Every structure is written in C-alpha cells, then in structure tokens.
>>> print(open('upload.cif').read())   # mmCIF, C-alpha atoms
data_data
#
loop_
_atom_site.label_atom_id
_atom_site.label_comp_id
_atom_site.auth_asym_id
_atom_site.auth_seq_id
_atom_site.Cartn_x
_atom_site.Cartn_y
_atom_site.Cartn_z
CA MET A 1 117.70 32.67 2.84
CA ARG A 2 120.90 34.42 1.80
CA ALA A 3 121.88 37.64 3.54
CA TYR A 4 121.46 39.80 0.45
CA GLU A 5 117.84 38.66 0.07
CA ARG A 6 117.08 39.85 3.59
CA PHE A 7 118.99 43.02 2.89
CA LEU A 8 116.83 43.84 -0.13
CA ASN A 9 113.75 43.63 2.11
CA TYR A 10 115.24 45.86 4.80
CA VAL A 11 116.32 48.68 2.48
CA LYS A 12 112.70 49.18 1.40
CA ILE A 13 111.97 50.54 4.89
CA HIS A 14 112.72 54.23 5.42
CA THR A 15 114.72 54.52 8.66
CA THR A 16 116.73 57.73 8.32
CA SER A 17 117.48 59.24 11.73
CA ASP A 18 116.80 62.91 12.47
CA GLU A 19 119.62 64.88 14.05
CA ASP A 20 117.28 67.78 14.85
CA SER A 21 115.02 65.61 17.03
CA GLN A 22 115.70 65.07 20.72
CA ASP A 23 113.44 62.01 20.91
CA THR A 24 114.59 58.39 21.02
CA PRO A 25 114.32 57.09 18.44
CA SER A 26 114.83 60.36 16.61
CA SER A 27 112.42 59.22 13.88
CA LYS A 28 109.40 57.05 14.60
CA ARG A 29 109.85 55.27 11.24
CA GLN A 30 112.68 53.26 12.78
CA PHE A 31 109.99 51.30 14.64
CA ASP A 32 108.83 49.98 11.25
CA LEU A 33 112.05 48.06 10.80
CA GLY A 34 112.21 47.19 14.49
CA ASN A 35 108.79 45.54 14.35
CA LEU A 36 109.79 43.53 11.28
CA LEU A 37 112.98 42.33 12.97
CA VAL A 38 111.09 41.25 16.09
CA GLN A 39 108.75 39.16 13.95
CA GLU A 40 111.64 37.66 12.02
CA LEU A 41 113.65 36.80 15.13
CA GLU A 42 110.66 35.08 16.68
CA LYS A 43 110.03 33.12 13.47
CA LEU A 44 113.65 31.95 13.46
CA GLY A 45 113.25 30.59 16.99
CA VAL A 46 115.37 33.18 18.80
CA SER A 47 114.47 33.50 22.50
CA ASP A 48 113.74 36.51 24.70
CA VAL A 49 112.88 38.69 21.71
CA ARG A 50 111.75 42.17 22.66
CA MET A 51 111.70 45.77 21.47
CA ASP A 52 111.59 48.51 24.08
CA ASP A 53 109.95 51.93 23.87
CA LYS A 54 113.23 53.44 22.62
CA CYS A 55 113.28 51.10 19.57
CA TYR A 56 116.09 48.84 20.76
CA VAL A 57 115.59 45.26 19.58
CA TYR A 58 117.06 42.36 21.56
CA GLY A 59 117.09 38.59 21.23
CA LYS A 60 119.06 35.63 22.53
CA ILE A 61 120.03 32.15 21.38
CA PRO A 62 120.68 30.11 24.54
CA ALA A 63 123.89 28.09 24.70
CA ALA A 64 123.81 24.61 23.21
CA LYS A 65 123.90 21.74 25.68
CA GLY A 66 127.37 21.46 27.21
CA MET A 67 128.36 24.96 26.05
CA GLU A 68 126.96 26.90 28.98
CA GLN A 69 130.42 27.98 30.16
CA VAL A 70 131.43 29.42 26.79
CA PRO A 71 131.61 33.24 26.85
CA ALA A 72 128.37 34.85 25.76
CA LEU A 73 128.94 36.69 22.48
CA GLY A 74 126.93 39.67 21.28
CA PHE A 75 126.38 40.83 17.69
CA ILE A 76 125.05 44.34 17.15
CA ALA A 77 124.00 46.41 14.13
CA HIS A 78 122.01 49.63 13.72
CA MET A 79 118.69 50.20 12.01
CA ASP A 80 118.92 53.86 11.01
CA THR A 81 120.51 55.28 7.89
CA ALA A 82 122.49 58.50 7.74
CA PRO A 83 120.70 61.84 7.34
CA ASP A 84 123.43 62.92 4.91
CA TYR A 85 121.38 61.69 1.94
CA SER A 86 117.86 60.47 1.23
CA GLY A 87 117.05 57.00 2.54
CA GLN A 88 113.45 56.98 1.29
CA HIS A 89 112.15 55.03 -1.72
CA VAL A 90 115.39 53.07 -2.12
CA MET A 91 115.40 51.24 -5.46
CA PRO A 92 118.37 48.83 -5.54
CA GLN A 93 120.04 47.81 -8.80
CA ILE A 94 121.23 44.19 -8.92
CA ILE A 95 123.97 43.48 -11.42
CA ASN A 96 124.76 39.81 -11.89
CA ASP A 97 128.26 38.84 -13.00
CA TYR A 98 129.49 42.42 -12.65
CA ASN A 99 132.21 43.30 -15.18
CA GLY A 100 134.31 45.57 -12.96
CA GLU A 101 133.58 48.69 -15.04
CA ASP A 102 131.63 51.91 -14.49
CA VAL A 103 127.96 51.54 -13.52
CA ASN A 104 125.20 53.98 -14.48
CA LEU A 105 122.99 54.48 -11.44
CA GLY A 106 119.51 54.28 -12.92
CA GLU A 107 118.36 57.38 -14.78
CA SER A 108 119.92 59.73 -12.22
CA GLY A 109 122.96 60.66 -14.32
CA GLN A 110 125.18 59.46 -11.47
CA VAL A 111 127.96 57.01 -12.35
CA LEU A 112 129.64 54.59 -9.95
CA SER A 113 133.13 55.06 -11.31
CA ALA A 114 135.88 52.44 -11.25
CA LYS A 115 138.36 55.31 -11.28
CA THR A 116 136.89 56.90 -8.15
CA PHE A 117 136.37 53.51 -6.48
CA PRO A 118 139.33 51.41 -7.72
CA HIS A 119 138.33 48.40 -5.56
CA LEU A 120 135.47 47.82 -8.02
CA LYS A 121 137.88 45.91 -10.26
CA LYS A 122 138.26 43.33 -7.49
CA LEU A 123 134.50 42.80 -7.39
CA LYS A 124 134.39 41.59 -10.98
CA GLY A 125 132.28 38.45 -11.37
CA ARG A 126 130.23 39.09 -8.24
CA THR A 127 126.61 40.15 -7.85
CA LEU A 128 126.86 43.90 -7.32
CA ILE A 129 124.08 45.82 -5.58
CA THR A 130 123.87 49.62 -5.93
CA SER A 131 121.33 52.38 -5.46
CA ASP A 132 119.63 54.03 -8.44
CA GLY A 133 121.56 57.23 -7.72
CA THR A 134 118.67 59.14 -6.16
CA THR A 135 119.10 57.74 -2.64
CA LEU A 136 121.69 55.99 -0.56
CA LEU A 137 121.48 52.19 -0.54
CA GLY A 138 121.25 51.48 3.18
CA ALA A 139 124.08 48.95 3.44
CA ASP A 140 125.19 51.00 6.44
CA ASP A 141 123.94 49.17 8.37
CA LYS A 142 121.12 47.05 7.05
CA ALA A 143 123.80 44.77 5.64
CA GLY A 144 125.00 44.18 9.19
CA ILE A 145 121.48 43.35 10.31
CA ALA A 146 121.08 40.92 7.40
CA ALA A 147 124.38 39.21 8.22
CA ILE A 148 123.44 38.74 11.89
CA MET A 149 119.98 37.46 11.02
CA THR A 150 121.37 34.98 8.51
CA MET A 151 124.02 33.82 10.97
CA ALA A 152 121.30 33.18 13.55
CA GLU A 153 119.17 31.24 11.07
CA GLU A 154 122.05 29.04 9.93
CA ILE A 155 123.31 28.32 13.45
CA LEU A 156 119.85 27.26 14.55
CA ASN A 157 119.10 25.22 11.42
CA GLU A 158 122.50 23.49 11.42
CA LYS A 159 122.39 22.91 15.17
CA MET A 160 126.06 23.85 15.33
CA PRO A 161 127.69 24.04 18.80
CA HIS A 162 127.60 27.52 20.27
CA GLY A 163 127.64 29.45 23.49
CA THR A 164 124.99 32.03 24.30
CA ILE A 165 124.50 34.40 21.37
CA CYS A 166 123.05 37.82 22.12
CA ILE A 167 121.57 39.90 19.32
CA GLY A 168 120.98 43.66 19.43
CA PHE A 169 119.76 46.23 16.92
CA THR A 170 119.98 49.91 17.78
CA PRO A 171 118.40 53.15 16.53
CA ASP A 172 120.13 56.48 15.91
CA GLU A 173 123.72 55.27 15.53
CA GLU A 174 124.25 57.63 12.62
CA ILE A 175 123.63 60.66 14.82
CA GLY A 176 125.86 59.39 17.63
CA ARG A 177 123.12 58.18 19.98
CA GLY A 178 122.97 54.45 19.29
CA ALA A 179 124.39 53.43 22.65
CA ASP A 180 122.48 56.01 24.72
CA HIS A 181 119.85 53.58 26.02
CA PHE A 182 121.45 50.21 25.26
CA ASP A 183 120.59 47.74 28.02
CA ILE A 184 123.98 46.09 28.53
CA GLU A 185 122.97 44.23 31.69
CA ASN A 186 119.98 42.47 30.16
CA PHE A 187 121.69 42.08 26.80
CA GLY A 188 123.79 39.48 28.60
CA ALA A 189 126.96 39.36 26.51
CA ASP A 190 130.47 39.08 27.94
CA PHE A 191 131.94 40.46 24.72
CA ALA A 192 130.40 41.71 21.51
CA TYR A 193 131.05 42.76 17.93
CA THR A 194 129.35 45.46 15.95
CA VAL A 195 128.82 44.39 12.34
CA ASP A 196 129.05 47.84 10.82
CA GLY A 197 132.24 48.05 8.78
CA GLY A 198 133.42 48.00 5.18
CA ALA A 199 135.13 45.18 3.31
CA GLU A 200 134.34 41.73 4.65
CA ASN A 201 137.95 41.02 5.67
CA GLU A 202 138.35 44.20 7.73
CA ILE A 203 138.57 44.21 11.53
CA GLU A 204 138.45 47.49 13.42
CA TYR A 205 139.24 48.22 17.05
CA GLU A 206 140.65 51.73 16.87
CA ASN A 207 138.45 54.71 16.19
CA PHE A 208 138.68 58.45 16.36
CA ASN A 209 138.44 60.45 19.52
CA ALA A 210 135.60 62.77 18.55
CA ALA A 211 134.08 66.10 19.45
CA CYS A 212 131.82 68.66 17.82
CA ALA A 213 132.39 72.39 18.13
CA ALA A 214 130.20 75.41 17.45
CA ALA A 215 131.57 78.94 17.17
CA ALA A 216 128.94 81.66 17.60
CA ILE A 217 130.20 85.06 16.41
CA ARG A 218 128.66 88.38 17.36
CA GLY A 219 129.37 91.31 15.07
CA LEU A 220 128.79 95.04 15.22
CA SER A 221 126.88 96.43 12.27
CA VAL A 222 127.10 100.14 11.39
CA HIS A 223 126.72 102.00 8.11
CA PRO A 224 129.65 100.96 5.90
CA GLY A 225 130.31 104.59 5.03
CA SER A 226 131.15 105.44 8.62
CA SER A 227 132.44 102.15 9.96
CA LYS A 228 136.17 102.89 10.19
CA ASN A 229 137.53 101.12 13.30
CA THR A 230 133.95 100.43 14.40
CA MET A 231 132.31 97.69 12.31
CA ILE A 232 132.94 94.08 13.25
CA ASN A 233 131.76 91.96 10.33
CA ALA A 234 130.77 88.64 11.91
CA SER A 235 131.09 86.77 8.61
CA LEU A 236 134.65 88.01 8.15
CA VAL A 237 135.52 87.05 11.73
CA ALA A 238 134.15 83.57 10.96
CA MET A 239 136.40 83.36 7.91
CA GLU A 240 139.32 84.48 10.05
CA PHE A 241 138.53 81.80 12.64
CA ASN A 242 138.59 79.08 10.01
CA ALA A 243 141.75 80.45 8.38
CA MET A 244 143.59 80.14 11.70
CA LEU A 245 143.09 76.36 11.74
CA PRO A 246 145.81 74.17 10.17
CA PHE A 247 145.17 74.44 6.43
CA GLY A 248 145.89 70.81 5.54
CA ASP A 249 144.03 69.17 8.41
CA THR A 250 140.76 68.52 6.58
CA PRO A 251 139.11 65.22 5.64
CA ARG A 252 140.11 65.68 1.99
CA ASN A 253 143.80 65.82 2.92
CA THR A 254 144.00 63.12 5.59
CA GLU A 255 143.86 59.33 5.83
CA GLY A 256 144.69 56.43 8.15
CA TYR A 257 145.50 57.69 11.62
CA GLU A 258 145.63 61.37 10.61
CA GLY A 259 143.13 63.62 12.34
CA PHE A 260 141.23 66.63 11.06
CA PHE A 261 138.97 69.64 11.59
CA HIS A 262 135.85 69.35 9.44
CA LEU A 263 133.73 72.43 8.79
CA CYS A 264 130.22 70.99 8.45
CA ASP A 265 128.13 74.15 8.29
CA MET A 266 128.50 77.93 8.20
CA LYS A 267 126.00 80.79 8.25
CA GLY A 268 126.42 84.48 8.62
CA ASN A 269 125.91 88.15 7.91
CA VAL A 270 127.47 91.29 9.32
CA SER A 271 125.72 91.04 12.68
CA GLU A 272 126.11 87.36 13.45
CA ALA A 273 127.69 84.20 12.10
CA SER A 274 128.15 80.60 13.10
CA LEU A 275 130.55 77.78 12.31
CA GLU A 276 129.97 74.09 13.09
CA TYR A 277 132.82 71.58 13.14
CA ILE A 278 133.59 68.03 13.99
CA ILE A 279 137.09 67.33 15.34
CA ARG A 280 138.70 63.90 15.04
CA ASP A 281 142.00 62.25 15.99
CA HIS A 282 143.06 58.73 16.95
CA ASP A 283 145.80 59.96 19.27
CA ALA A 284 144.43 61.23 22.59
CA SER A 285 147.13 63.88 23.07
CA MET A 286 146.72 65.17 19.51
CA PHE A 287 142.97 65.26 20.02
CA GLU A 288 143.39 67.44 23.10
CA ALA A 289 145.80 69.64 21.15
CA ARG A 290 143.18 70.14 18.45
CA LEU A 291 140.57 71.18 20.99
CA ASN A 292 143.04 73.55 22.62
CA THR A 293 143.89 75.05 19.22
CA MET A 294 140.25 76.03 18.77
CA ARG A 295 140.09 77.45 22.30
CA HIS A 296 143.24 79.50 21.58
CA ILE A 297 141.71 80.91 18.40
CA GLU A 298 138.64 81.94 20.41
CA LYS A 299 140.91 83.73 22.90
CA LEU A 300 142.92 85.55 20.21
CA LEU A 301 139.85 86.78 18.32
CA ASN A 302 138.20 88.00 21.51
CA GLU A 303 141.38 89.87 22.40
CA LYS A 304 141.38 91.42 18.93
CA TYR A 305 137.70 92.33 18.57
CA GLY A 306 136.43 92.44 22.14
CA SER A 307 135.20 90.00 24.76
CA GLY A 308 132.19 87.97 23.68
CA THR A 309 132.79 88.34 19.96
CA VAL A 310 133.43 84.61 19.66
CA THR A 311 131.77 82.01 21.89
CA LEU A 312 133.08 78.50 21.34
CA THR A 313 131.16 75.46 22.58
CA ILE A 314 132.85 72.05 22.43
CA GLN A 315 131.07 68.80 23.14
CA GLU A 316 132.96 65.51 23.29
CA GLN A 317 131.21 62.66 21.48
CA TYR A 318 133.21 59.45 21.91
CA ARG A 319 136.68 58.12 22.63
CA ASN A 320 139.03 55.66 20.93
CA MET A 321 137.99 52.15 21.97
CA LYS A 322 141.54 50.80 21.60
CA GLU A 323 142.37 51.02 25.31
CA LYS A 324 139.25 49.01 26.16
CA ILE A 325 139.89 46.33 23.52
CA GLU A 326 143.61 45.77 24.19
CA PRO A 327 142.92 43.79 27.40
CA CYS A 328 140.62 41.54 25.32
CA MET A 329 142.72 40.94 22.22
CA HIS A 330 141.26 37.44 21.87
CA LEU A 331 138.38 39.26 20.18
CA ILE A 332 140.72 40.45 17.45
CA GLU A 333 142.74 37.24 17.21
CA ASN A 334 139.62 35.12 16.81
CA ALA A 335 138.24 37.52 14.22
CA LYS A 336 141.50 37.21 12.27
CA LYS A 337 141.33 33.40 12.45
CA ALA A 338 137.74 33.52 11.22
CA VAL A 339 138.68 35.65 8.22
CA LEU A 340 141.59 33.35 7.39
CA SER A 341 139.34 30.31 7.64
CA ILE A 342 137.31 31.41 4.62
CA GLY A 343 140.37 32.11 2.49
CA LEU A 344 140.68 35.87 2.99
CA THR A 345 143.52 37.94 4.43
CA PRO A 346 142.48 39.78 7.58
CA VAL A 347 143.19 43.49 7.63
CA THR A 348 143.03 45.61 10.76
CA VAL A 349 142.26 49.22 9.93
CA PRO A 350 141.50 52.29 12.04
CA ILE A 351 137.94 53.54 11.88
CA ARG A 352 137.86 57.06 10.53
CA GLY A 353 134.65 57.65 12.43
CA GLY A 354 132.88 55.91 15.27
CA THR A 355 130.49 53.05 15.96
CA ASP A 356 128.12 52.04 18.71
CA GLY A 357 130.93 49.70 19.75
CA ALA A 358 133.21 52.58 20.73
CA ARG A 359 130.76 53.84 23.32
CA LEU A 360 129.66 50.37 24.39
CA SER A 361 133.30 49.50 25.07
CA TYR A 362 133.50 52.41 27.51
CA MET A 363 130.19 51.32 29.03
CA GLY A 364 131.74 47.97 29.94
CA LEU A 365 131.04 45.81 26.87
CA PRO A 366 134.26 45.37 24.80
CA CYS A 367 133.01 45.65 21.23
CA PRO A 368 135.26 45.82 18.12
CA ASN A 369 133.80 46.17 14.63
CA LEU A 370 133.57 43.72 11.71
CA GLY A 371 133.03 44.29 7.99
CA THR A 372 129.77 43.85 6.11
CA GLY A 373 131.16 43.81 2.57
CA GLY A 374 129.88 47.32 1.79
CA TYR A 375 131.54 50.43 0.36
CA GLY A 376 130.84 54.11 -0.31
CA PHE A 377 128.49 54.63 2.62
CA HIS A 378 126.30 57.70 3.26
CA GLY A 379 125.60 58.64 -0.33
CA PRO A 380 124.34 57.57 -3.76
CA PHE A 381 127.50 55.59 -4.56
CA GLU A 382 126.98 53.11 -1.74
CA HIS A 383 127.36 49.53 -2.96
CA ILE A 384 127.81 45.96 -1.76
CA THR A 385 128.02 42.45 -3.19
CA ALA A 386 125.97 39.38 -2.38
CA GLU A 387 129.19 37.37 -2.09
CA GLY A 388 130.70 39.88 0.36
CA MET A 389 127.66 39.52 2.57
CA ASP A 390 127.90 35.72 2.39
CA ALA A 391 131.52 36.02 3.55
CA SER A 392 130.47 38.21 6.46
CA VAL A 393 127.97 35.56 7.59
CA LYS A 394 130.64 32.83 7.41
CA ILE A 395 133.02 34.95 9.50
CA LEU A 396 130.39 35.51 12.20
CA LYS A 397 129.64 31.79 12.37
CA GLU A 398 133.33 30.91 12.56
CA ILE A 399 133.85 33.37 15.43
CA VAL A 400 131.01 31.66 17.30
CA ARG A 401 132.63 28.27 16.63
CA LEU A 402 136.09 29.41 17.76
CA TYR A 403 134.75 30.41 21.16
CA THR A 404 133.49 26.86 21.73
CA GLU A 405 137.02 25.45 21.53
#
>>> encode(input="upload.cif", output="structure tokens")
Amino acid sequence: MRAYERFLNYVKIHTTSDEDSQDTPSSKRQFDLGNLLVQELEKLGVSDVRMDDKCYVYGKIPAAKGMEQVPALGFIAHMDTAPDYSGQHVMPQIINDYNGEDVNLGESGQVLSAKTFPHLKKLKGRTLITSDGTTLLGADDKAGIAAIMTMAEEILNEKMPHGTICIGFTPDEEIGRGADHFDIENFGADFAYTVDGGAENEIEYENFNAACAAAAIRGLSVHPGSSKNTMINASLVAMEFNAMLPFGDTPRNTEGYEGFFHLCDMKGNVSEASLEYIIRDHDASMFEARLNTMRHIEKLLNEKYGSGTVTLTIQEQYRNMKEKIEPCMHLIENAKKAVLSIGLTPVTVPIRGGTDGARLSYMGLPCPNLGTGGYGFHGPFEHITAEGMDASVKILKEIVRLYTE
C-alpha cells in the first residue's frame, strides 16, 4: 500500500486536540486513530505493539540477524490535528496529473492559489491532494504516520537489513503536550526522527525557543463625565502595552531565524482586559531579551497607572534543540545522504515553530525532524502530493539502511 492511500484513511478520523482540556489526551477522539494504528501495526508484524492510557502508541521491529549492534532508531509522528481550524468531516480532493495552476477547493469558494503558494508550479504533473476548503486536510501529521507505517511495511516485506526500529505516535503535539508522557526508556531508541515537516527534502534541527505570555490588565471605571485623572481604561492600557512592543517583530514581517511577538487573543472593556501572546526566537539571548522587554513594559505601565494594573505571566514552552543535536550530527549527515540518494537536494531549514522532537531532545532522545511532503498546514489550504509522500518513505528506508553500514 502506498503512503497516500493510508493517509486518506487516517484523515477520515477526527483527532483535533483541545487546548482548553487538561486531560491527556486532550480529546478522547484521538483514541479512535490510536486503536486503528495498533491494529495496523500488529497486522504488519510489528512487535511489542501497545497503546497506553494516555493514547501513546508504541511498536518495535527487532533488529535483523547480525544487526543487533546497530543503533536503535526511532520514528515518531503525532496523531492530533491543530485546533486552529476544523479537522472534522475531512473530504480530500485528489487531482491526478496536477497542472500547476490555481485549484478551487470544493464548493467552499476557497482557492489554493499558485500566486500565494508559488511552490505549486513545482508540483505540476504530480497527484495533488487538498481539502475541500471547509476543513484542514490533516497532513500535519497524518502524512508522517502514513510514511512511517509504509516504511515499516516495506522493510518487513523486503526483509532488508536493519537495526532495531522503534515506532511512536503521540497525542496533543499541536497544543505543545506531545512529549509530556512519552516513555523514552521503554521506547528503546538511541536516536530518533520526528516525521513532521514540510517538503520531502527538508531536514530540521533548529527550532524556536518558545514561551507564551498573558497580560491581565485591571482598570478603574468611573463615569466618563467625571473621570479626569481618575479613569484607567483597561482596553486602552492593553493597546498601549502592545504598542510598546517592537512594531515589526510580528509573524507577518519575519522569516528564517527572525523571532517575533505574536498577539493571539485580546479581550477587554474599561474595567478589565487581557492580551495573550506567543514569543519566539531561535537565538537564546534574543529570546531572553524578548521576555525581558515584556517584563519592562509591565513595570513601566504599573509605574504610570499604579501597582497591579498590569500582571504579566510568562510560561516557557520549549527550547531550541540545536545544542542537543550538534553532538549527534551523524543524524543530519545521514539524513542528507538519504535525500541525495533519491535524487533530491537536501535543505536544512530552521523550524519556525516546535515539534515533539525539540522536547524529546532535552529529555535525552536526540530527535531532529524530517519532511512529509506537505505544505500550508493548519488551515484549509493544506496540501500534499502522493509522490512527495513516496519520497518521504524512501528517505526513511535509506536512513535505516545507512545505519547498518
């Protein structure tokens, strides 16, 4: 079975995580996919297949005879889809021999535009898979699951030489909790890769340092006709807080290694207001500077309007995995060789976000990220090609082979 055929089965299952839930998994529907994957792994002949009460799925392919000393490699993908956009009732469109032009997404009125997504021209002639415009597609990261499953099937069927292969599927990655309960010890890998990236030739081992911040603002409401030097309008203080951040440091204006402040949500009236941000930067010192900038704004506004007007809460989320991968650069070199082996040019790019691998690397399992062949994640313009997924499978198999040398 080709990877895209598996993928089309997986996207039918609603697995959106719930950032308002404190349970693990955050949505019980993730068990639906987990149960299917357990059955499929067992049918393929994978050993030690299990799913725990937190919805983590594990399996293992024991080393081939004579390969017991080869490093044990792990391959990890996540089952949930992002809560940014609906992941229910996904209806994929399959376009054979795609012409590289704009694509109407079903009857939604949405158009996958070649102008907005210029890489579409390079996908001409492939089998393009999109959503119908009313949901996301689910390539992030059901494409990664499909690639790992297909790799496992082909390795077992072809009886190719391999060391121990450890397989893991996680819940709740999209809300930053995918590594919370990952059983590294019993997983059994010496090194691992998440399969959760974009273009099939991309290799990622640098990600943002990340934090979220909430500013709670307490106002003082009095009659506007007699409020001279008395009223503190919480909504206006919130606007002032945001205006004191660097104007150009937003996601719209940044790329590559450039960091940002991202205002995700704001609410308010005269009496109270709130601002919610995520803060990102690849450089550790710049990241600390960004956090200190927000703390300084809190201090200035409290000096201006009175103590307790602004209460800032910052919570760190994850750190750049680069320092944990650099001692294990064979992971990156072998990934590059694998990409080259199928006729593609490897590209190392910084992740403008995070993956389970970032946290797993700090938990003791070095874990860079590989591409799935997908694009436009987290919304209705998400798309992938069958050929890109095939390439991802070939790269995974070649990495396994390289470690047997």
>>> residues_near_point(input="upload.cif", point="(125.0, 76.1, 15.5)", cutoff="12 Å", atoms="all atoms listed in the file", output="VMD selection string")
chain A and resid 20 212 to 217 263 to 268 272 to 278 311 to 314
>>> write_last_selection(input="upload.cif", atoms="C-alpha atoms", output="compact mmCIF listing (two decimals), in the frame of the given file")
# COMPACT_ATOMS: atom_id res chain seq x y z
CA ASP A 20 117.28 67.78 14.85
CA CYS A 212 131.82 68.66 17.82
CA ALA A 213 132.39 72.39 18.13
CA ALA A 214 130.20 75.41 17.45
CA ALA A 215 131.57 78.94 17.17
CA ALA A 216 128.94 81.66 17.60
CA ILE A 217 130.20 85.06 16.41
CA LEU A 263 133.73 72.43 8.79
CA CYS A 264 130.22 70.99 8.45
CA ASP A 265 128.13 74.15 8.29
CA MET A 266 128.50 77.93 8.20
CA LYS A 267 126.00 80.79 8.25
CA GLY A 268 126.42 84.48 8.62
CA GLU A 272 126.11 87.36 13.45
CA ALA A 273 127.69 84.20 12.10
CA SER A 274 128.15 80.60 13.10
CA LEU A 275 130.55 77.78 12.31
CA GLU A 276 129.97 74.09 13.09
CA TYR A 277 132.82 71.58 13.14
CA ILE A 278 133.59 68.03 13.99
CA THR A 311 131.77 82.01 21.89
CA LEU A 312 133.08 78.50 21.34
CA THR A 313 131.16 75.46 22.58
CA ILE A 314 132.85 72.05 22.43
>>> residues_around(input="upload.cif", residues="Met79 of chain A", least_positions_apart="3", cutoff="9 Å", atoms="all atoms listed in the file", output="PyMOL selection string")
chain A and resi 15-16+30+33-34+140-142+145+169-173
>>> resolve_selection(input="upload.cif", expression="the PyMOL selection byres ((chain A and resi 94) around 12)", output="list of chain:residue names")
A:Tyr4, A:Glu5, A:Leu8, A:Met91, A:Pro92, A:Gln93, A:Ile95, A:Asn96, A:Asp97, A:Tyr98, A:Val103, A:Asn104, A:Leu105, A:Gly106, A:Arg126, A:Thr127, A:Leu128, A:Ile129, A:Thr130, A:Ser131, A:Asp132, A:Leu137, A:His383, A:Ile384, A:Thr385, A:Ala386
>>> atom_distance(input="upload.cif", atom1="atom CA of Glu405 of chain A", atom2="atom CA of Ala189 of chain A")
17.9 Å
>>> resolve_selection(input="upload.cif", expression="the PyMOL selection byres ((chain A and resi 26) around 10)", output="MDAnalysis selection string")
chainID A and resid 15:25 27:30 54:55 80 171:172 175 177
>>> resolve_selection(input="upload.cif", expression="the PyMOL selection byres ((chain A and resi 221) around 12)", output="list in words")
Arg218, Gly219, Leu220, Val222, His223, Pro224, Gly225, Ser226, Ser227, Lys228, Asn229, Thr230, Met231, Ile232, Asn233, Ala234, Ser235, Asn269, Val270, Ser271 and Glu272 of chain A
>>> atom_distance(input="upload.cif", atom1="atom CA of Ser86 of chain A", atom2="atom CA of Tyr10 of chain A")
15.3 Å
>>> atom_distance(input="upload.cif", atom1="atom CA of Ile279 of chain A", atom2="atom CA of Arg295 of chain A")
12.6 Å
>>> closest_residue(input="upload.cif", among="A:Asn334, A:Asn320, A:Thr309, A:Ser108", to="Ala284 of chain A", atoms="all atoms listed in the file")
A:Asn320
>>> closest_residue(input="upload.cif", among="A:Met160, A:Val11, A:Val111, A:Ala146", to="Gly87 of chain A", atoms="all atoms listed in the file")
A:Val11
>>> residues_around(input="upload.cif", residues="segment 47-53 of chain A", least_positions_apart="3", cutoff="9 Å", atoms="only C-alpha atoms", output="list of chain:residue names")
A:Thr24, A:Pro25, A:Phe31, A:Gly34, A:Asn35, A:Val38, A:Gln39, A:Leu41, A:Glu42, A:Tyr56, A:Val57, A:Tyr58, A:Gly59, A:Lys60, A:Ile61, A:Pro62
>>> closest_residue(input="upload.cif", among="A:Gly354, A:Pro366, A:Gly168, A:Pro380", to="Phe208 of chain A", atoms="all atoms listed in the file")
A:Gly354
>>> closest_residue(input="upload.cif", among="A:Gly376, A:Gly364, A:Pro161, A:Gly45", to="Glu185 of chain A", atoms="all atoms listed in the file")
A:Gly364
>>> residues_around(input="upload.cif", residues="Cys328 of chain A", least_positions_apart="4", cutoff="9 Å", atoms="all atoms listed in the file", output="VMD selection string")
chain A and resid 191 324 332 366
>>> closest_residue(input="upload.cif", among="A:Phe75, A:Phe241, A:Phe381, A:Phe7", to="Glu298 of chain A", atoms="all atoms listed in the file")
A:Phe241
>>> closest_residue(input="upload.cif", among="A:Glu68, A:Glu258, A:Glu382, A:Glu387", to="Gly133 of chain A", atoms="all atoms listed in the file")
A:Glu382
>>> decode(input="upload.cif", residues="segment 126-145 of chain A", atoms="C-alpha atoms", output="PDB file, in the first residue's frame")
ATOM      1  CA  ARG A 126       2.028  15.032  -9.546  1.00  0.00           C
ATOM      2  CA  THR A 127      -1.054  13.716  -7.774  1.00  0.00           C
ATOM      3  CA  LEU A 128      -2.122  16.656  -5.616  1.00  0.00           C
ATOM      4  CA  ILE A 129      -4.266  16.123  -2.514  1.00  0.00           C
ATOM      5  CA  THR A 130      -6.129  19.069  -0.960  1.00  0.00           C
ATOM      6  CA  SER A 131      -9.022  19.676   1.401  1.00  0.00           C
ATOM      7  CA  ASP A 132     -12.416  20.807   0.120  1.00  0.00           C
ATOM      8  CA  GLY A 133     -11.860  24.210   1.739  1.00  0.00           C
ATOM      9  CA  THR A 134     -14.168  23.659   4.705  1.00  0.00           C
ATOM     10  CA  THR A 135     -11.613  21.866   6.898  1.00  0.00           C
ATOM     11  CA  LEU A 136      -7.894  21.402   7.142  1.00  0.00           C
ATOM     12  CA  LEU A 137      -6.515  18.298   5.410  1.00  0.00           C
ATOM     13  CA  GLY A 138      -4.655  16.629   8.264  1.00  0.00           C
ATOM     14  CA  ALA A 139      -1.286  16.169   6.552  1.00  0.00           C
ATOM     15  CA  ASP A 140       0.156  17.600   9.759  1.00  0.00           C
ATOM     16  CA  ASP A 141       0.830  14.949  10.840  1.00  0.00           C
ATOM     17  CA  LYS A 142      -1.147  12.049   9.461  1.00  0.00           C
ATOM     18  CA  ALA A 143       1.210  12.155   6.494  1.00  0.00           C
ATOM     19  CA  GLY A 144       4.065  11.427   8.896  1.00  0.00           C
ATOM     20  CA  ILE A 145       2.160   8.490  10.361  1.00  0.00           C
TER      21      ILE A 145
END
